[in-house]
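> Pasting in a structure now, in structure tokens, and then I'll have a few things to ask.
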Amino acid sequence: MVVHPPPPADVPSFIEAYREVLGTFVGTCDGLREAEWDLPTSCPGWTVKDHVAHVVHVESVLAGLAHPAEGHTGDLEIRVGSPEHVRHSFAVWMEEGVRAREDLSGPELVQALREVAEIRLAALYDPDLEMDTPVPSVRGRQDPFGDVMALRVADIWVHGQDIRAVVDRPGALESPGAAVFTSYVLSTVPDVVLGLDPVPAPGTVVILESTGPVTGRAGVRIGTDADGAPCAHELFTGHTSAEDDTPDVDESPDAVTTIQLSTHELTRRAAGRQTADETAYHVQGDEELASRVLGALDVTP
């Protein structure tokens with residue numbers, strides 16, 4: 001799978017991508033009118049201000065500051081309540097961080113993000129840092145630097161797009177954040193297709209393509225394993241030996257379904273911000289299968 005522009009792949013490029021996505025996020029929020037901070041977004045339950053509070057929360061925790069629920073969890077659990085979009089313990093953890101900052105204004109939250117970004121970026125300039133170096137992650141975990149940074153770059157970018165959509169400030173669709181998130185979405189295609197119920201028939205090929213500004217494609221060929229159970233053979237991996245092991249299947253035009261979307265449409269659908277019916281896409285092949293694939297393409301937790 002080749003994505004262009006390529007997502008960051010080493011420590012320096014991840015640090016630069018992180019710097020860029022934070023700066024762009026702050027720039028999107030600078031100068032917002034007072035009424036815009038309370039606009040609802042396509043992220044269920046959150047306003048523009050809530051997105052900024054969320055990013056401040058996560059970055060503050062990663063910078064070593066205490067989660068706001070520590071020491072008075074009961075009070076914050078009451079404030080969080082049971083909104084429909086809070087469906088599991090991790091969502092509660094995130095919501096606590098947002099609700100704890102309800103009394104801050106939008107500009108105050110942006111300033112808080114500027115301050116914590118300086119702390120975070122300073123900590124990243126460690127000459128011993130490698131892609132697999134354990135670094136602080138959420139909820140007290142330690143995870144490899146590369147994994148944590150990929151998640152943070154993608155998460156901040158997605159929430160920036162949520163804000164851009166409602167304040168009419170489109171952009172950043174060719175950025176490192178867009179490349180990281182698009183690459184991740186395309187990597188999920190084999191699991192998405194194999195997870196359909198029913199699984200497409202053996203010999204079915206599904207190709208998902210981002211047409212730009214970030215370009216890339218992912219593909220899967222459905223086969224069967226030694227026990228006759230459905231299995232997925234990833235296409236376009238660049239690993240010739242793996243593709244040579246793929247069994248022969250029916251490659252007639254009817255067996256191949258190609259789904260093409262712009263980067264904006266692909267990432268909005270994959271982030272769960274719009275349904276398949278609300279998404280603009282082009283299909284060559286089985287339109288019903290394409291609709292099923294897009295319906296299942298929701299990579300948010």
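Labeling convention for the structure tokens: chains A, B, ... as they appear, residues from 1 per chain, ligands from 1 in order of appearance.
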Contacts of Tyr125 of chain A at 10 Å or less, counting only C-alpha atoms, minus same-chain residues fewer than 5 places along, as a VMD selection string?

chain A and resid 11 to 12 15 120

> With a cut-off of 10 Å, could you pull out the residues of segment 83-179 of chain A touching segment 27-31 of chain A and give me the nearest pair of atoms for each, distance in Å to one decimal, using only C-alpha atoms, ordered by chain and ascending number, as a tab-separated table?


residue	atom	partner	partner_atom	distance
A:Gly106	CA	A:Cys29	CA	8.4
A:Pro107	CA	A:Asp30	CA	7.7
A:Leu109	CA	A:Cys29	CA	9.9
A:Val110	CA	A:Cys29	CA	7.3
A:Gln111	CA	A:Asp30	CA	9.9
A:Gly160	CA	A:Thr28	CA	7.4
A:Gln161	CA	A:Thr28	CA	9.3
A:Ile163	CA	A:Thr28	CA	7.8
A:Arg164	CA	A:Thr28	CA	7.0
A:Val167	CA	A:Thr28	CA	9.1
A:Arg169	CA	A:Thr28	CA	7.2
A:Pro170	CA	A:Thr28	CA	9.3
A:Gly171	CA	A:Thr28	CA	9.3
A:Ala172	CA	A:Thr28	CA	9.9

> Restricting the calculation to only C-alpha atoms, which member of A:Trp93, A:Leu266, A:Ala290, A:Thr258 is positioned closest to Thr215 of chain A?

A:Leu266

> With a distance cut-off of 6 Å and only C-alpha atoms, select the neighbouring residues of segment 175-183 of chain A, excluding the residue or stretch itself and same-chain residues fewer than 4 positions from it, and output the selection as a PDB file with N, CA and C atoms, in the first residue's frame.


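Listed below is the output, around_5.pdb:
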ATOM      1  N   PRO A   7       3.010   9.173   4.789  1.00  0.00           N
ATOM      2  CA  PRO A   7       2.953   9.544   6.207  1.00  0.00           C
ATOM      3  C   PRO A   7       4.334   9.468   6.822  1.00  0.00           C
ATOM      4  N   ALA A  17       5.532  16.274  11.992  1.00  0.00           N
ATOM      5  CA  ALA A  17       4.103  16.126  11.716  1.00  0.00           C
ATOM      6  C   ALA A  17       3.274  16.549  12.924  1.00  0.00           C
ATOM      7  N   VAL A 153      -1.265  12.385  16.045  1.00  0.00           N
ATOM      8  CA  VAL A 153      -1.339  13.163  14.800  1.00  0.00           C
ATOM      9  C   VAL A 153      -2.691  12.948  14.131  1.00  0.00           C
ATOM     10  N   ALA A 154      -3.138  11.687  14.042  1.00  0.00           N
ATOM     11  CA  ALA A 154      -4.415  11.392  13.402  1.00  0.00           C
ATOM     12  C   ALA A 154      -5.577  11.984  14.196  1.00  0.00           C
ATOM     13  N   TRP A 157      -5.757  15.794  13.944  1.00  0.00           N
ATOM     14  CA  TRP A 157      -6.176  16.172  12.592  1.00  0.00           C
ATOM     15  C   TRP A 157      -7.674  15.963  12.397  1.00  0.00           C
TER      16      TRP A 157
END

> Could you write out, as a ChimeraX atom specification, all the residues of segment 7-160 of chain A that DSSP marks as helix (DSSP H, G or I)?

/A:11-29,34-38,48-62,73-80,89-99,106-124,138-140,145-160

> For the strand (DSSP E) assignment from backbone DSSP, which residues of segment 1-141 of chain A qualify? Please present them as a list in words.

Val3, His4, Pro134, Val135 and Pro136 of chain A

> Emit the selected residues as a JSON list (two decimals), in the first residue's frame, including N, CA and C atoms.


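The resulting file, part-v6.json, is reproduced below:
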[["chain", "number", "residue", "atom", "x", "y", "z"],
["A", 3, "VAL", "N", 0.92, 5.39, -0.11],
["A", 3, "VAL", "CA", 0.14, 6.61, 0.10],
["A", 3, "VAL", "C", 1.02, 7.80, -0.23],
["A", 4, "HIS", "N", 0.45, 8.78, -0.94],
["A", 4, "HIS", "CA", 1.20, 9.98, -1.30],
["A", 4, "HIS", "C", 0.36, 11.23, -0.99],
["A", 134, "PRO", "N", 9.43, 3.26, 24.65],
["A", 134, "PRO", "CA", 8.19, 3.43, 25.41],
["A", 134, "PRO", "C", 8.04, 4.88, 25.87],
["A", 135, "VAL", "N", 6.89, 5.46, 25.63],
["A", 135, "VAL", "CA", 6.60, 6.83, 26.05],
["A", 135, "VAL", "C", 5.21, 6.84, 26.69],
["A", 136, "PRO", "N", 4.91, 7.89, 27.48],
["A", 136, "PRO", "CA", 3.58, 7.95, 28.11],
["A", 136, "PRO", "C", 2.47, 7.91, 27.08]]

> So, with only C-alpha atoms as the atoms that count, which of A:Ala218, A:Val185, A:Val283, A:Leu196 lies closest to Arg268 of chain A?

A:Val185

> Have a look at A:Val116, A:Gly64, A:Asp162, A:Pro8 and name the one nearest to Thr47 of chain A; count only C-alpha atoms.

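Answer, going by the shortest atom-to-atom distance: A:Asp162.
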
> Enter the distance from atom CA of Asp155 of chain A to atom CA of Tyr281 of chain A, in Å, rounded to one decimal.

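Separation of atom CA of Asp155 of chain A and atom CA of Tyr281 of chain A: 23.8 Å.
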
> I'd like the neighbourhood of Arg101 of chain A as a ChimeraX atom specification, where a residue qualifies if any of its atoms comes within 10 Å (using only C-alpha atoms), though same-chain residues fewer than 3 positions away should be ignored.

/A:49-50,52-54,56-57,68,96-98,104-105,108-109

> Got time to write the residues from that selection, C-alpha atoms, as a compact mmCIF listing (two decimals), in the first residue's frame?


# COMPACT_ATOMS: atom_id res chain seq x y z
CA LYS A 49 -15.14 24.22 22.12
CA ASP A 50 -15.41 20.60 23.25
CA VAL A 52 -10.38 21.96 21.78
CA ALA A 53 -10.97 20.87 25.38
CA HIS A 54 -10.46 17.25 24.32
CA VAL A 56 -5.98 20.01 25.67
CA HIS A 57 -7.00 17.16 27.96
CA PRO A 68 -8.87 16.02 36.11
CA GLU A 96 -14.30 13.80 31.97
CA GLY A 97 -11.44 15.78 30.45
CA VAL A 98 -13.83 17.81 28.32
CA LEU A 104 -12.95 27.94 30.21
CA SER A 105 -13.68 30.11 27.19
CA GLU A 108 -8.57 30.34 27.06
CA LEU A 109 -8.57 26.74 25.83

> Restricting the calculation to only C-alpha atoms: of A:Val61, A:Pro202, A:Leu297, A:Val55, which residue gets closest to Gly228 of chain A?

A:Pro202

> Distance atom CA of Gly219 of chain A-atom CA of Pro190 of chain A, one decimal place?

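Straight-line distance from atom CA of Gly219 of chain A to atom CA of Pro190 of chain A works out to 7.2 Å.
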
> Using only C-alpha atoms for the distances, tell me which of A:Leu186, A:Val220, A:Gly195, A:Arg269 is nearest to Met1 of chain A.

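Nearest to Met1 of chain A: A:Leu186.
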
> Of the candidates A:Thr275, A:Val205, A:Ile259, A:Pro198, which shows the shortest atom-to-atom distance to Gly223 of chain A, using only C-alpha atoms?

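Going through A:Thr275, A:Val205, A:Ile259, A:Pro198 one by one, the smallest distance to Gly223 of chain A is for A:Val205.
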
> Can you list, as a list of chain:residue names, every protein, DNA or RNA residue that comes within 12 Å of Asp197 of chain A when you count only C-alpha atoms, leaving out same-chain residues fewer than 4 positions away?

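Contacts, in chain order: A:Val192, A:Val193, A:Ala201, A:Pro230, A:Leu289, A:Arg292, A:Val293, A:Gly295, A:Ala296.
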